[in-house]
>>> print(open('work.cif').read())   # mmCIF, C-alpha atoms and all ligand atoms
data_query
#
loop_
_atom_site.label_atom_id
_atom_site.label_comp_id
_atom_site.auth_asym_id
_atom_site.auth_seq_id
_atom_site.Cartn_x
_atom_site.Cartn_y
_atom_site.Cartn_z
CA MET Z 1 127.63 191.31 105.02
CA ALA Z 2 127.28 195.04 105.43
CA LYS Z 3 126.59 197.05 102.31
CA VAL Z 4 127.64 200.58 101.47
CA SER Z 5 125.13 203.23 102.61
CA THR Z 6 124.14 206.40 100.79
CA VAL Z 7 123.36 209.86 102.21
CA VAL Z 8 121.74 212.52 100.03
CA VAL Z 9 122.41 216.12 101.08
CA SER Z 10 120.27 218.80 99.47
CA HIS Z 11 119.20 222.37 100.17
CA SER Z 12 115.61 221.24 100.02
CA ARG Z 13 114.08 218.69 102.35
CA GLN Z 14 111.55 217.75 99.71
CA LEU Z 15 114.21 217.30 97.09
CA ALA Z 16 116.30 215.01 99.30
CA ASP Z 17 113.23 213.05 100.41
CA GLY Z 18 112.12 212.84 96.79
CA VAL Z 19 115.39 211.33 95.70
CA ILE Z 20 115.06 208.74 98.47
CA GLU Z 21 111.49 208.00 97.43
CA LEU Z 22 112.61 207.42 93.87
CA ILE Z 23 115.55 205.28 94.89
CA ASN Z 24 113.56 203.18 97.34
CA GLN Z 25 111.74 201.71 94.40
CA THR Z 26 114.95 200.21 93.12
CA LYS Z 27 117.11 199.45 96.08
CA GLN Z 28 117.47 196.21 97.96
CA GLU Z 29 116.06 196.09 101.43
CA ASP Z 30 119.40 195.79 103.18
CA VAL Z 31 120.84 198.89 101.51
CA ILE Z 32 120.54 202.02 103.62
CA VAL Z 33 119.86 205.41 102.03
CA ILE Z 34 119.18 208.48 104.17
CA ALA Z 35 118.14 212.05 103.32
CA ALA Z 36 119.61 215.20 104.87
CA GLY Z 37 117.66 217.99 103.24
CA GLY Z 38 117.06 221.61 104.22
CA THR Z 39 117.70 223.40 107.49
CA GLU Z 40 116.52 222.27 110.90
CA ASP Z 41 113.45 224.47 110.68
CA GLY Z 42 112.54 223.02 107.29
CA GLY Z 43 113.83 225.98 105.29
CA ILE Z 44 116.09 226.00 102.26
CA GLY Z 45 119.73 225.48 103.14
CA THR Z 46 121.92 222.79 104.65
CA SER Z 47 122.54 221.89 108.26
CA PRO Z 48 125.67 220.20 109.59
CA ASP Z 49 123.58 218.85 112.47
CA LEU Z 50 121.08 217.16 110.18
CA ILE Z 51 123.91 215.85 108.03
CA SER Z 52 125.66 214.44 111.12
CA GLU Z 53 122.48 212.67 112.16
CA ALA Z 54 122.07 211.20 108.70
CA LEU Z 55 125.70 210.03 108.66
CA LYS Z 56 125.24 208.35 112.03
CA LYS Z 57 122.08 206.60 110.87
CA ALA Z 58 123.74 205.44 107.68
CA ASP Z 59 126.98 204.36 109.36
CA ASN Z 60 128.04 200.76 108.89
CA PRO Z 61 131.36 198.94 108.45
CA ALA Z 62 131.13 199.02 104.64
CA GLY Z 63 131.12 202.82 104.65
CA THR Z 64 128.94 205.60 103.26
CA VAL Z 65 128.80 207.54 100.00
CA VAL Z 66 127.53 211.12 100.31
CA LEU Z 67 125.91 212.98 97.42
CA PHE Z 68 125.35 216.73 97.60
CA ASP Z 69 123.62 219.36 95.48
CA LEU Z 70 125.03 222.92 95.58
CA GLY Z 71 127.47 225.23 97.35
CA SER Z 72 127.19 224.94 101.09
CA ALA Z 73 126.00 221.33 100.89
CA LEU Z 74 129.62 220.28 100.42
CA MET Z 75 130.99 222.66 103.07
CA ASN Z 76 128.44 221.56 105.63
CA THR Z 77 129.09 217.89 104.90
CA GLU Z 78 132.80 218.47 105.48
CA MET Z 79 131.92 220.44 108.61
CA ALA Z 80 129.78 217.56 109.88
CA LEU Z 81 132.59 215.08 109.23
CA ASP Z 82 135.05 217.27 111.14
CA MET Z 83 132.74 217.38 114.13
CA LEU Z 84 131.67 213.72 114.19
CA ASP Z 85 133.33 211.27 116.53
CA GLU Z 86 134.54 208.02 115.12
CA LEU Z 87 132.15 206.30 112.77
CA GLU Z 88 132.32 202.58 112.11
CA GLY Z 89 132.73 202.96 108.37
CA GLU Z 90 134.63 205.38 106.14
CA VAL Z 91 132.71 208.24 104.52
CA VAL Z 92 133.42 209.43 100.99
CA ILE Z 93 131.88 212.47 99.34
CA ALA Z 94 131.09 211.81 95.68
CA ASP Z 95 131.09 214.43 92.97
CA ALA Z 96 128.01 213.48 90.95
CA PRO Z 97 124.45 214.56 90.15
CA ILE Z 98 122.30 213.50 93.09
CA VAL Z 99 119.56 211.56 91.30
CA GLU Z 100 121.77 209.51 89.00
CA GLY Z 101 124.46 209.26 91.66
CA ALA Z 102 122.11 207.97 94.33
CA TYR Z 103 120.66 205.50 91.86
CA VAL Z 104 124.04 204.05 90.96
CA SER Z 105 125.11 204.10 94.58
CA VAL Z 106 122.28 201.89 95.84
CA VAL Z 107 122.46 199.53 92.87
CA GLU Z 108 126.18 198.97 93.29
CA ALA Z 109 125.89 198.75 97.04
CA GLY Z 110 123.23 196.10 96.53
CA MET Z 111 125.73 194.08 94.51
CA GLY Z 112 128.00 194.10 97.53
CA LYS Z 113 130.70 196.30 96.00
CA ALA Z 114 133.32 197.99 98.15
CA LEU Z 115 133.14 201.69 99.01
CA LYS Z 116 135.79 202.85 96.52
CA GLU Z 117 134.20 200.91 93.68
CA VAL Z 118 130.80 202.35 94.46
CA GLN Z 119 132.26 205.85 94.60
CA GLU Z 120 133.98 205.39 91.27
CA SER Z 121 130.79 204.24 89.56
CA VAL Z 122 128.80 207.03 91.18
CA GLU Z 123 131.22 209.67 89.93
CA LYS Z 124 130.97 208.29 86.42
CA ALA Z 125 127.34 209.34 86.47
CA LYS Z 126 128.64 212.87 85.99
CA LYS Z 127 129.53 212.06 82.41
CA TRP Z 128 126.48 210.08 81.44
CA ASN Z 129 125.04 211.00 78.12
CA LYS Z 130 121.37 210.67 78.85
CA LYS Z 131 120.14 211.40 75.34
CA THR Z 132 121.75 208.60 73.43
CA MET K 1 142.66 248.19 121.49
CA ASN K 2 141.29 246.79 124.71
CA LEU K 3 139.48 243.55 123.92
CA THR K 4 138.27 242.02 127.16
CA THR K 5 135.92 239.08 127.50
CA GLU K 6 133.02 241.46 128.11
CA THR K 7 133.95 243.56 125.06
CA ALA K 8 134.11 240.43 122.94
CA LYS K 9 130.62 239.51 124.10
CA GLN K 10 129.39 243.02 123.34
CA TRP K 11 131.04 242.75 119.92
CA LEU K 12 129.04 239.64 119.06
CA LEU K 13 125.82 241.17 120.38
CA ALA K 14 126.40 244.38 118.41
CA ALA K 15 127.13 242.32 115.31
CA GLY K 16 123.78 240.62 115.82
CA ARG K 17 121.99 243.97 115.96
CA ASP K 18 123.78 245.12 112.82
CA MET K 19 122.90 241.93 110.95
CA GLN K 20 119.28 242.33 112.03
CA GLU K 21 119.19 245.98 110.96
CA ASN K 22 120.80 245.22 107.61
CA LYS K 23 118.97 241.96 107.00
CA GLY K 24 117.01 243.37 104.06
CA TYR K 25 120.02 245.01 102.48
CA LEU K 26 122.22 241.90 102.79
CA SER K 27 119.53 239.78 101.17
CA GLU K 28 119.12 242.38 98.43
CA LEU K 29 122.83 242.16 97.69
CA ASP K 30 122.56 238.37 97.65
CA GLN K 31 119.49 238.55 95.42
CA ALA K 32 121.56 240.26 92.76
CA ILE K 33 124.31 237.63 92.55
CA GLY K 34 123.13 234.70 94.66
CA ASP K 35 119.94 233.27 96.10
CA GLY K 36 118.83 236.17 98.27
CA ASP K 37 119.12 234.50 101.66
CA HIS K 38 122.27 236.03 103.14
CA GLY K 39 120.50 238.58 105.35
CA HIS K 40 118.06 236.01 106.56
CA ASN K 41 120.86 233.53 107.26
CA MET K 42 123.00 236.01 109.19
CA ALA K 43 120.11 237.52 111.16
CA ARG K 44 118.83 234.08 112.15
CA GLY K 45 122.29 232.85 113.14
CA PHE K 46 123.18 235.87 115.22
CA ALA K 47 119.76 235.93 116.90
CA GLU K 48 120.61 232.42 118.13
CA VAL K 49 124.06 233.63 119.20
CA GLU K 50 122.41 236.30 121.34
CA LYS K 51 120.13 233.69 122.95
CA LYS K 52 123.13 231.52 123.68
CA ILE K 53 125.58 234.08 125.10
CA ALA K 54 123.56 237.03 126.45
CA SER K 55 122.90 235.74 129.96
CA LYS K 56 125.96 233.52 130.33
CA THR K 57 129.14 234.62 132.06
CA TYR K 58 132.48 233.89 130.49
CA ASP K 59 136.02 233.86 131.85
CA ASP K 60 137.83 234.20 128.57
CA VAL K 61 137.47 235.70 125.12
CA GLY K 62 137.89 232.24 123.58
CA GLY K 63 134.90 230.90 125.53
CA VAL K 64 132.36 233.42 124.31
CA VAL K 65 133.67 233.31 120.74
CA LYS K 66 133.56 229.51 120.76
CA ASP K 67 129.93 229.47 121.90
CA ALA K 68 129.11 231.88 119.09
CA SER K 69 130.96 229.72 116.56
CA MET K 70 129.08 226.55 117.44
CA THR K 71 125.76 228.37 117.23
CA ILE K 72 126.64 229.91 113.87
CA ILE K 73 127.66 226.53 112.49
CA SER K 74 124.35 225.01 113.52
CA LYS K 75 121.95 227.81 112.78
CA VAL K 76 123.02 229.94 109.83
CA GLY K 77 122.01 227.49 107.08
CA GLY K 78 123.86 228.83 104.02
CA ALA K 79 127.53 228.90 103.10
CA ALA K 80 128.01 231.68 105.62
CA GLY K 81 127.35 229.17 108.42
CA PRO K 82 130.34 226.88 107.95
CA LEU K 83 132.51 229.84 106.88
CA TYR K 84 131.83 232.28 109.74
CA GLY K 85 131.47 229.32 112.09
CA THR K 86 134.89 227.96 111.20
CA ALA K 87 136.38 231.46 111.36
CA PHE K 88 135.13 232.06 114.91
CA LEU K 89 136.03 228.54 115.98
CA LYS K 90 139.63 228.96 114.83
CA ALA K 91 139.91 232.40 116.43
CA SER K 92 138.47 231.05 119.68
CA GLY K 93 141.30 228.54 119.81
CA VAL K 94 143.85 231.36 119.80
CA TRP K 95 141.91 233.39 122.38
CA LYS K 96 141.25 230.44 124.69
CA GLY K 97 142.09 231.06 128.33
CA LYS K 98 142.65 234.78 127.75
CA ALA K 99 140.51 237.19 129.77
CA GLU K 100 141.86 239.93 127.52
CA VAL K 101 143.64 239.70 124.19
CA SER K 102 146.53 241.90 123.16
CA ASP K 103 146.74 243.50 119.72
CA GLU K 104 149.17 240.83 118.67
CA GLU K 105 146.89 238.05 119.87
CA PHE K 106 143.95 239.70 118.18
CA ALA K 107 145.80 239.62 114.86
CA GLU K 108 146.78 236.00 115.47
CA GLY K 109 143.13 235.15 116.00
CA LEU K 110 142.17 236.90 112.77
CA LYS K 111 144.88 235.00 110.96
CA ALA K 112 143.57 231.68 112.26
CA ALA K 113 140.05 232.70 111.28
CA ILE K 114 141.15 233.52 107.74
CA ASP K 115 143.03 230.24 107.38
CA GLY K 116 139.84 228.53 108.53
CA ILE K 117 137.68 230.31 105.94
CA ALA K 118 140.17 229.63 103.17
CA GLN K 119 140.38 225.97 104.08
CA ARG K 120 136.66 225.45 104.48
CA GLY K 121 135.80 227.42 101.35
CA LYS K 122 138.81 226.28 99.29
CA SER K 123 139.12 229.97 98.52
CA GLU K 124 141.64 232.78 98.48
CA GLN K 125 141.77 236.57 98.17
CA GLY K 126 140.44 238.10 94.95
CA GLN K 127 137.50 235.76 94.40
CA LYS K 128 134.79 238.17 95.56
CA THR K 129 134.12 236.65 98.95
CA MET K 130 134.30 237.63 102.59
CA LEU K 131 138.05 236.94 102.44
CA ASP K 132 138.43 240.12 100.40
CA VAL K 133 137.47 241.99 103.57
CA TRP K 134 139.09 239.78 106.22
CA ILE K 135 142.55 239.73 104.63
CA PRO K 136 143.01 243.53 104.35
CA VAL K 137 141.69 243.85 107.92
CA LEU K 138 144.30 241.35 109.08
CA GLN K 139 147.04 243.27 107.26
CA GLU K 140 145.93 246.43 109.02
CA ALA K 141 145.79 244.65 112.40
CA GLU K 142 149.27 243.21 111.95
CA LYS K 143 150.71 246.72 111.92
CA GLY K 144 150.03 246.82 115.68
CA ASN K 145 148.58 249.62 117.84
CA ILE K 146 145.15 248.56 116.65
CA GLU K 147 142.37 251.12 116.45
CA ALA K 148 138.96 249.55 115.88
CA GLU K 149 137.89 252.54 113.74
CA GLN K 150 140.85 251.96 111.47
CA LEU K 151 139.97 248.28 111.06
CA ALA K 152 136.38 249.20 110.25
CA GLN K 153 137.54 251.79 107.74
CA THR K 154 139.80 249.21 106.08
CA ALA K 155 136.91 246.75 106.04
CA LYS K 156 134.65 249.34 104.43
CA GLU K 157 137.08 250.17 101.66
CA ALA K 158 137.79 246.49 101.02
CA MET K 159 134.09 245.71 100.93
CA GLU K 160 133.51 248.47 98.38
CA LYS K 161 136.25 247.04 96.18
CA THR K 162 134.43 243.72 95.85
CA GLU K 163 132.10 245.48 93.42
CA GLY K 164 134.76 245.38 90.71
CA ILE K 165 135.76 241.74 91.21
CA GLU K 166 134.45 238.75 89.29
CA ALA K 167 133.16 236.01 91.58
CA LYS K 168 135.05 232.73 91.55
CA LYS K 169 133.51 231.05 94.59
CA GLY K 170 130.04 230.55 95.98
CA ARG K 171 126.76 230.97 94.13
CA ALA K 172 127.86 234.20 92.49
CA ALA K 173 130.52 232.28 90.57
CA TYR K 174 127.77 230.81 88.39
CA LEU K 175 127.23 234.33 87.04
CA GLY K 176 130.83 234.77 85.94
CA GLU K 177 131.44 238.25 84.54
CA ARG K 178 127.90 239.31 85.35
CA SER K 179 128.83 239.30 89.02
CA ILE K 180 130.97 242.39 88.37
CA GLY K 181 129.27 245.62 89.40
CA HIS K 182 127.71 244.17 92.55
CA LEU K 183 128.99 244.15 96.12
CA ASP K 184 129.59 240.73 97.63
CA PRO K 185 127.03 240.06 100.39
CA GLY K 186 129.49 238.13 102.55
CA ALA K 187 131.98 240.97 102.24
CA TYR K 188 129.27 243.37 103.41
CA SER K 189 128.34 241.25 106.43
CA SER K 190 132.04 241.00 107.26
CA TYR K 191 132.29 244.79 107.12
CA LEU K 192 129.33 244.94 109.52
CA LEU K 193 131.17 242.60 111.86
CA PHE K 194 134.19 244.94 112.06
CA GLU K 195 131.89 247.95 112.36
CA ALA K 196 130.32 246.22 115.38
CA LEU K 197 133.77 245.95 116.93
CA VAL K 198 133.96 249.75 116.99
CA GLU K 199 130.61 249.93 118.80
CA ALA K 200 131.75 247.38 121.37
CA ILE K 201 135.11 249.05 122.00
CA GLU K 202 133.50 252.46 122.39
CA ALA K 203 130.88 251.12 124.78
CA GLY K 204 133.64 249.33 126.74
CA GLY K 205 135.68 252.51 126.94
CA GLU K 206 132.74 254.48 128.30
CA ALA K 207 131.95 251.80 130.85
CA ASN K 208 135.53 251.83 132.11
CA GLY K 209 136.07 255.58 131.98
N1 LIG X 1 133.99 229.19 99.04
C1 LIG X 1 133.83 230.35 99.67
N2 LIG X 1 134.87 230.93 100.33
C2 LIG X 1 134.72 232.08 100.99
N3 LIG X 1 133.56 232.75 101.05
C3 LIG X 1 132.49 232.23 100.42
C4 LIG X 1 132.56 231.01 99.70
N4 LIG X 1 131.33 230.74 99.20
C5 LIG X 1 130.53 231.75 99.60
N5 LIG X 1 131.23 232.65 100.32
C6 LIG X 1 130.72 233.85 100.96
O1 LIG X 1 129.41 233.57 101.42
C7 LIG X 1 128.51 234.56 100.98
C8 LIG X 1 127.15 233.94 100.71
O2 LIG X 1 126.62 233.45 101.91
P1 LIG X 1 125.15 232.86 101.98
O3 LIG X 1 124.84 232.65 103.40
O4 LIG X 1 124.23 233.66 101.15
O5 LIG X 1 125.38 231.44 101.37
P2 LIG X 1 124.76 230.79 100.05
O6 LIG X 1 125.75 230.99 98.96
O7 LIG X 1 123.38 231.24 99.83
O8 LIG X 1 124.80 229.31 100.51
P3 LIG X 1 124.21 228.04 99.81
O9 LIG X 1 125.38 227.43 99.13
O10 LIG X 1 123.70 227.23 100.93
O11 LIG X 1 123.16 228.49 98.90
C9 LIG X 1 129.15 235.13 99.72
O12 LIG X 1 128.76 236.46 99.54
C10 LIG X 1 130.65 235.00 100.00
O13 LIG X 1 131.17 236.14 100.65
MG MG X 2 122.84 233.14 99.65
#
>>> encode(input="work.cif", output="structure tokens")
Amino acid sequence: MAKVSTVVVSHSRQLADGVIELINQTKQEDVIVIAAGGTEDGGIGTSPDLISEALKKADNPAGTVVLFDLGSALMNTEMALDMLDELEGEVVIADAPIVEGAYVSVVEAGMGKALKEVQESVEKAKKWNKKT
Amino acid sequence: MNLTTETAKQWLLAAGRDMQENKGYLSELDQAIGDGDHGHNMARGFAEVEKKIASKTYDDVGGVVKDASMTIISKVGGAAGPLYGTAFLKASGVWKGKAEVSDEEFAEGLKAAIDGIAQRGKSEQGQKTMLDVWIPVLQEAEKGNIEAEQLAQTAKEAMEKTEGIEAKKGRAAYLGERSIGHLDPGAYSSYLLFEALVEAIEAGGEANG
């Protein structure tokens, strides 16, 4: 059965790749997580083209959760979604910190949860109290 | 105002030169209330626009503006990419199939562009963004009998007013009240865009006369 994918959009390629590296340690093999960091020339920023590519790679019938860092990351993700032709699965953009969010996303996806459930859990990561 | 397909192309090329010339200043403005990349973003995006459109021939204003929009979306990198890109894309829809746009159609295109920015940015007038320039320019254009100089003058005054506004959108919003006292970089690049229109119209007039 297909499992929910995760895409991490960041202004920095290294940051996005780093989140994936961290998450890869935890995630099950059949859970897909893809980075879309930086601009096409490797600079700081976000690129709708790179985000589109990541969304296509991540696409599967169970759907995809997108996490984003700052400002234009959200706008360019929405831009990419506007420009993309039909994807197999639904895409939801989650409002959550990218490290914790991506972590929850792959864990819940691994458990075979549905897209909306994964999104809900991911967004709860926004209110985590990490000190207690 | 006589906005032919060739003038529209010259407008975009002139805007590119202005962004290039003011790259340092735009980034300086962005340094004060953002991340300092606005000049770099705009100069890079418009350099790609020039590469894309300079040697191509177009039949309609919408065609050249659409090519510019797609390039800006792909190449600008910051928030200005999806915002200017969406603006030009929406305007190109209104100017599609028109070898020349009337004053009324020009204003309609601006209106579509503004709706695009507002939708993409979830923003409105008074939040210290490029919209604070585009909206007064539209209001001026809607009066009819458009003079490019008048639009540029309106853009300039509107841009200057962003200094007194507190930012509610974009990176500058993180600064809250401390954003007051600085010009908005996107408002400045928008002013440059309307300034470039004057250059293009004047050049077009000379070529025809
Ligand atoms: N939501 C918005 N609506 C309208 N205009 C906006 C919005 N956010 C930013 N802007 C405009 O964009 C300009 C900044 O553009 P710039 O290319 O520097 O993007 P950025 O903020 O650095 O992007 P990023 O989010 O990638 O860091 C601002 O000066 C403002 O005019
Ligand atoms: Mg910036």
>>> residues_near_ligand(input="work.cif", ligand="ligand LIG 1 (chain X)", cutoff="7 Å", atoms="all atoms listed in the file", output="PyMOL selection string")
(chain Z and resi 11+45-46+70-73) or (chain K and resi 30+34-38+41-42+77-81+83+117-118+121-123+128-131+169-171+184-187)
>>> atom_distance(input="work.cif", atom1="CA of Ile44 (chain Z)", atom2="CA of Asp69 (chain Z)")
12.1 Å
>>> residues_around(input="work.cif", residues="Glu21 (chain K)", least_positions_apart="6", cutoff="10 Å", atoms="all atoms listed in the file", output="PDB file with C-alpha atoms, in the frame of the given file")
ATOM      1  CA  ALA K  15     127.130 242.320 115.310  1.00  0.00           C
ATOM      2  CA  GLY K  39     120.500 238.580 105.350  1.00  0.00           C
ATOM      3  CA  ALA K  43     120.110 237.520 111.160  1.00  0.00           C
TER       4      ALA K  43
END
>>> closest_residue(input="work.cif", among="Z:Met1, Z:Val7, Z:Val107, Z:Leu74", to="Val91 (chain Z)", atoms="all atoms listed in the file")
Z:Val7
>>> closest_atom_pairs(input="work.cif", of="chain Z", to="chain K", cutoff="12 Å", atoms="all atoms listed in the file", output="CSV")
residue,atom,partner,partner_atom,distance
Z:Ser10,CA,K:Gly78,CA,11.6
Z:His11,CA,K:Gly78,CA,8.8
Z:Ser12,CA,K:Gly77,CA,11.4
Z:Gly37,CA,K:Gly77,CA,11.1
Z:Gly38,CA,K:Gly77,CA,8.2
Z:Thr39,CA,K:Gly77,CA,6.0
Z:Glu40,CA,K:Lys75,CA,8.0
Z:Asp41,CA,K:Lys75,CA,9.4
Z:Gly42,CA,K:Gly77,CA,10.5
Z:Gly43,CA,K:Gly77,CA,8.5
Z:Ile44,CA,K:Gly77,CA,7.8
Z:Gly45,CA,K:Gly77,CA,5.0
Z:Thr46,CA,K:Gly77,CA,5.3
Z:Ser47,CA,K:Gly77,CA,5.7
Z:Pro48,CA,K:Ser74,CA,6.4
Z:Asp49,CA,K:Ser74,CA,6.3
Z:Leu50,CA,K:Ser74,CA,9.1
Z:Ile51,CA,K:Ser74,CA,10.7
Z:Ser52,CA,K:Ser74,CA,10.9
Z:Leu70,CA,K:Arg171,CA,8.4
Z:Gly71,CA,K:Gly170,CA,6.1
Z:Ser72,CA,K:Ala79,CA,4.5
Z:Ala73,CA,K:Ala79,CA,8.0
Z:Leu74,CA,K:Ala79,CA,9.3
Z:Met75,CA,K:Arg120,CA,6.5
Z:Asn76,CA,K:Pro82,CA,6.1
Z:Thr77,CA,K:Pro82,CA,9.6
Z:Glu78,CA,K:Arg120,CA,8.0
Z:Met79,CA,K:Pro82,CA,6.7
Z:Ala80,CA,K:Pro82,CA,9.5
Z:Asp82,CA,K:Arg120,CA,10.7
Z:Met83,CA,K:Met70,CA,10.4
>>> residues_around(input="work.cif", residues="Glu108 (chain Z)", least_positions_apart="4", cutoff="12 Å", atoms="only C-alpha atoms", output="CSV table (one decimal) with C-alpha atoms, in the frame of the given file")
chain,number,residue,atom,x,y,z
Z,3,LYS,CA,126.6,197.0,102.3
Z,4,VAL,CA,127.6,200.6,101.5
Z,5,SER,CA,125.1,203.2,102.6
Z,6,THR,CA,124.1,206.4,100.8
Z,26,THR,CA,115.0,200.2,93.1
Z,27,LYS,CA,117.1,199.4,96.1
Z,28,GLN,CA,117.5,196.2,98.0
Z,31,VAL,CA,120.8,198.9,101.5
Z,65,VAL,CA,128.8,207.5,100.0
Z,101,GLY,CA,124.5,209.3,91.7
Z,102,ALA,CA,122.1,208.0,94.3
Z,103,TYR,CA,120.7,205.5,91.9
Z,104,VAL,CA,124.0,204.0,91.0
Z,112,GLY,CA,128.0,194.1,97.5
Z,113,LYS,CA,130.7,196.3,96.0
Z,114,ALA,CA,133.3,198.0,98.2
Z,115,LEU,CA,133.1,201.7,99.0
Z,116,LYS,CA,135.8,202.8,96.5
Z,117,GLU,CA,134.2,200.9,93.7
Z,118,VAL,CA,130.8,202.4,94.5
Z,119,GLN,CA,132.3,205.8,94.6
Z,120,GLU,CA,134.0,205.4,91.3
Z,121,SER,CA,130.8,204.2,89.6
Z,122,VAL,CA,128.8,207.0,91.2
>>> atom_distance(input="work.cif", atom1="CA of Glu206 (chain K)", atom2="CA of Gln10 (chain K)")
12.9 Å
>>> atom_distance(input="work.cif", atom1="CA of Val49 (chain K)", atom2="CA of Thr5 (chain K)")
15.5 Å
>>> closest_residue(input="work.cif", among="K:Ile201, K:Val133, K:Ala158, K:Ala172", to="ligand MG 2 (chain X)", atoms="all atoms listed in the file")
K:Ala172
>>> closest_residue(input="work.cif", among="Z:Ala2, Z:Leu15, Z:Asp85, Z:Asp30", to="Gly63 (chain Z)", atoms="only C-alpha atoms")
Z:Ala2
>>> residues_around(input="work.cif", residues="region 142-145 of chain K", least_positions_apart="2", cutoff="9 Å", atoms="only C-alpha atoms", output="ChimeraX atom specification")
/K:1,103-104,106-108,137-140,147
>>> decode(input="work.cif", residues="region 202-207 of chain K", atoms="all heavy atoms", output="PDB file, in the first residue's frame")
ATOM      1  N   GLU K 202       9.097  56.724 -24.603  1.00  0.00           N
ATOM      2  CA  GLU K 202       9.858  57.793 -25.260  1.00  0.00           C
ATOM      3  C   GLU K 202      10.641  57.260 -26.442  1.00  0.00           C
ATOM      4  O   GLU K 202      10.626  57.840 -27.526  1.00  0.00           O
ATOM      5  CB  GLU K 202      10.809  58.463 -24.259  1.00  0.00           C
ATOM      6  CG  GLU K 202      10.090  59.504 -23.413  1.00  0.00           C
ATOM      7  CD  GLU K 202      10.963  60.054 -22.288  1.00  0.00           C
ATOM      8  OE1 GLU K 202      12.138  59.636 -22.185  1.00  0.00           O
ATOM      9  OE2 GLU K 202      10.436  60.884 -21.515  1.00  0.00           O
ATOM     10  N   ALA K 203      11.318  56.137 -26.246  1.00  0.00           N
ATOM     11  CA  ALA K 203      12.099  55.540 -27.328  1.00  0.00           C
ATOM     12  C   ALA K 203      11.184  55.163 -28.491  1.00  0.00           C
ATOM     13  O   ALA K 203      11.510  55.378 -29.649  1.00  0.00           O
ATOM     14  CB  ALA K 203      12.850  54.313 -26.818  1.00  0.00           C
ATOM     15  N   GLY K 204       9.987  54.619 -28.154  1.00  0.00           N
ATOM     16  CA  GLY K 204       9.018  54.235 -29.187  1.00  0.00           C
ATOM     17  C   GLY K 204       8.544  55.439 -29.975  1.00  0.00           C
ATOM     18  O   GLY K 204       8.445  55.396 -31.194  1.00  0.00           O
ATOM     19  N   GLY K 205       8.290  56.530 -29.254  1.00  0.00           N
ATOM     20  CA  GLY K 205       7.842  57.760 -29.893  1.00  0.00           C
ATOM     21  C   GLY K 205       8.864  58.292 -30.872  1.00  0.00           C
ATOM     22  O   GLY K 205       8.536  58.669 -31.998  1.00  0.00           O
ATOM     23  N   GLU K 206      10.128  58.264 -30.459  1.00  0.00           N
ATOM     24  CA  GLU K 206      11.203  58.744 -31.332  1.00  0.00           C
ATOM     25  C   GLU K 206      11.316  57.890 -32.579  1.00  0.00           C
ATOM     26  O   GLU K 206      11.475  58.384 -33.684  1.00  0.00           O
ATOM     27  CB  GLU K 206      12.554  58.716 -30.589  1.00  0.00           C
ATOM     28  CG  GLU K 206      12.760  59.947 -29.726  1.00  0.00           C
ATOM     29  CD  GLU K 206      13.839  59.713 -28.659  1.00  0.00           C
ATOM     30  OE1 GLU K 206      14.765  58.920 -28.923  1.00  0.00           O
ATOM     31  OE2 GLU K 206      13.714  60.312 -27.596  1.00  0.00           O
ATOM     32  N   ALA K 207      11.213  56.547 -32.359  1.00  0.00           N
ATOM     33  CA  ALA K 207      11.343  55.633 -33.484  1.00  0.00           C
ATOM     34  C   ALA K 207      10.222  55.853 -34.513  1.00  0.00           C
ATOM     35  O   ALA K 207      10.450  55.779 -35.716  1.00  0.00           O
ATOM     36  CB  ALA K 207      11.318  54.183 -32.988  1.00  0.00           C
TER      37      ALA K 207
END
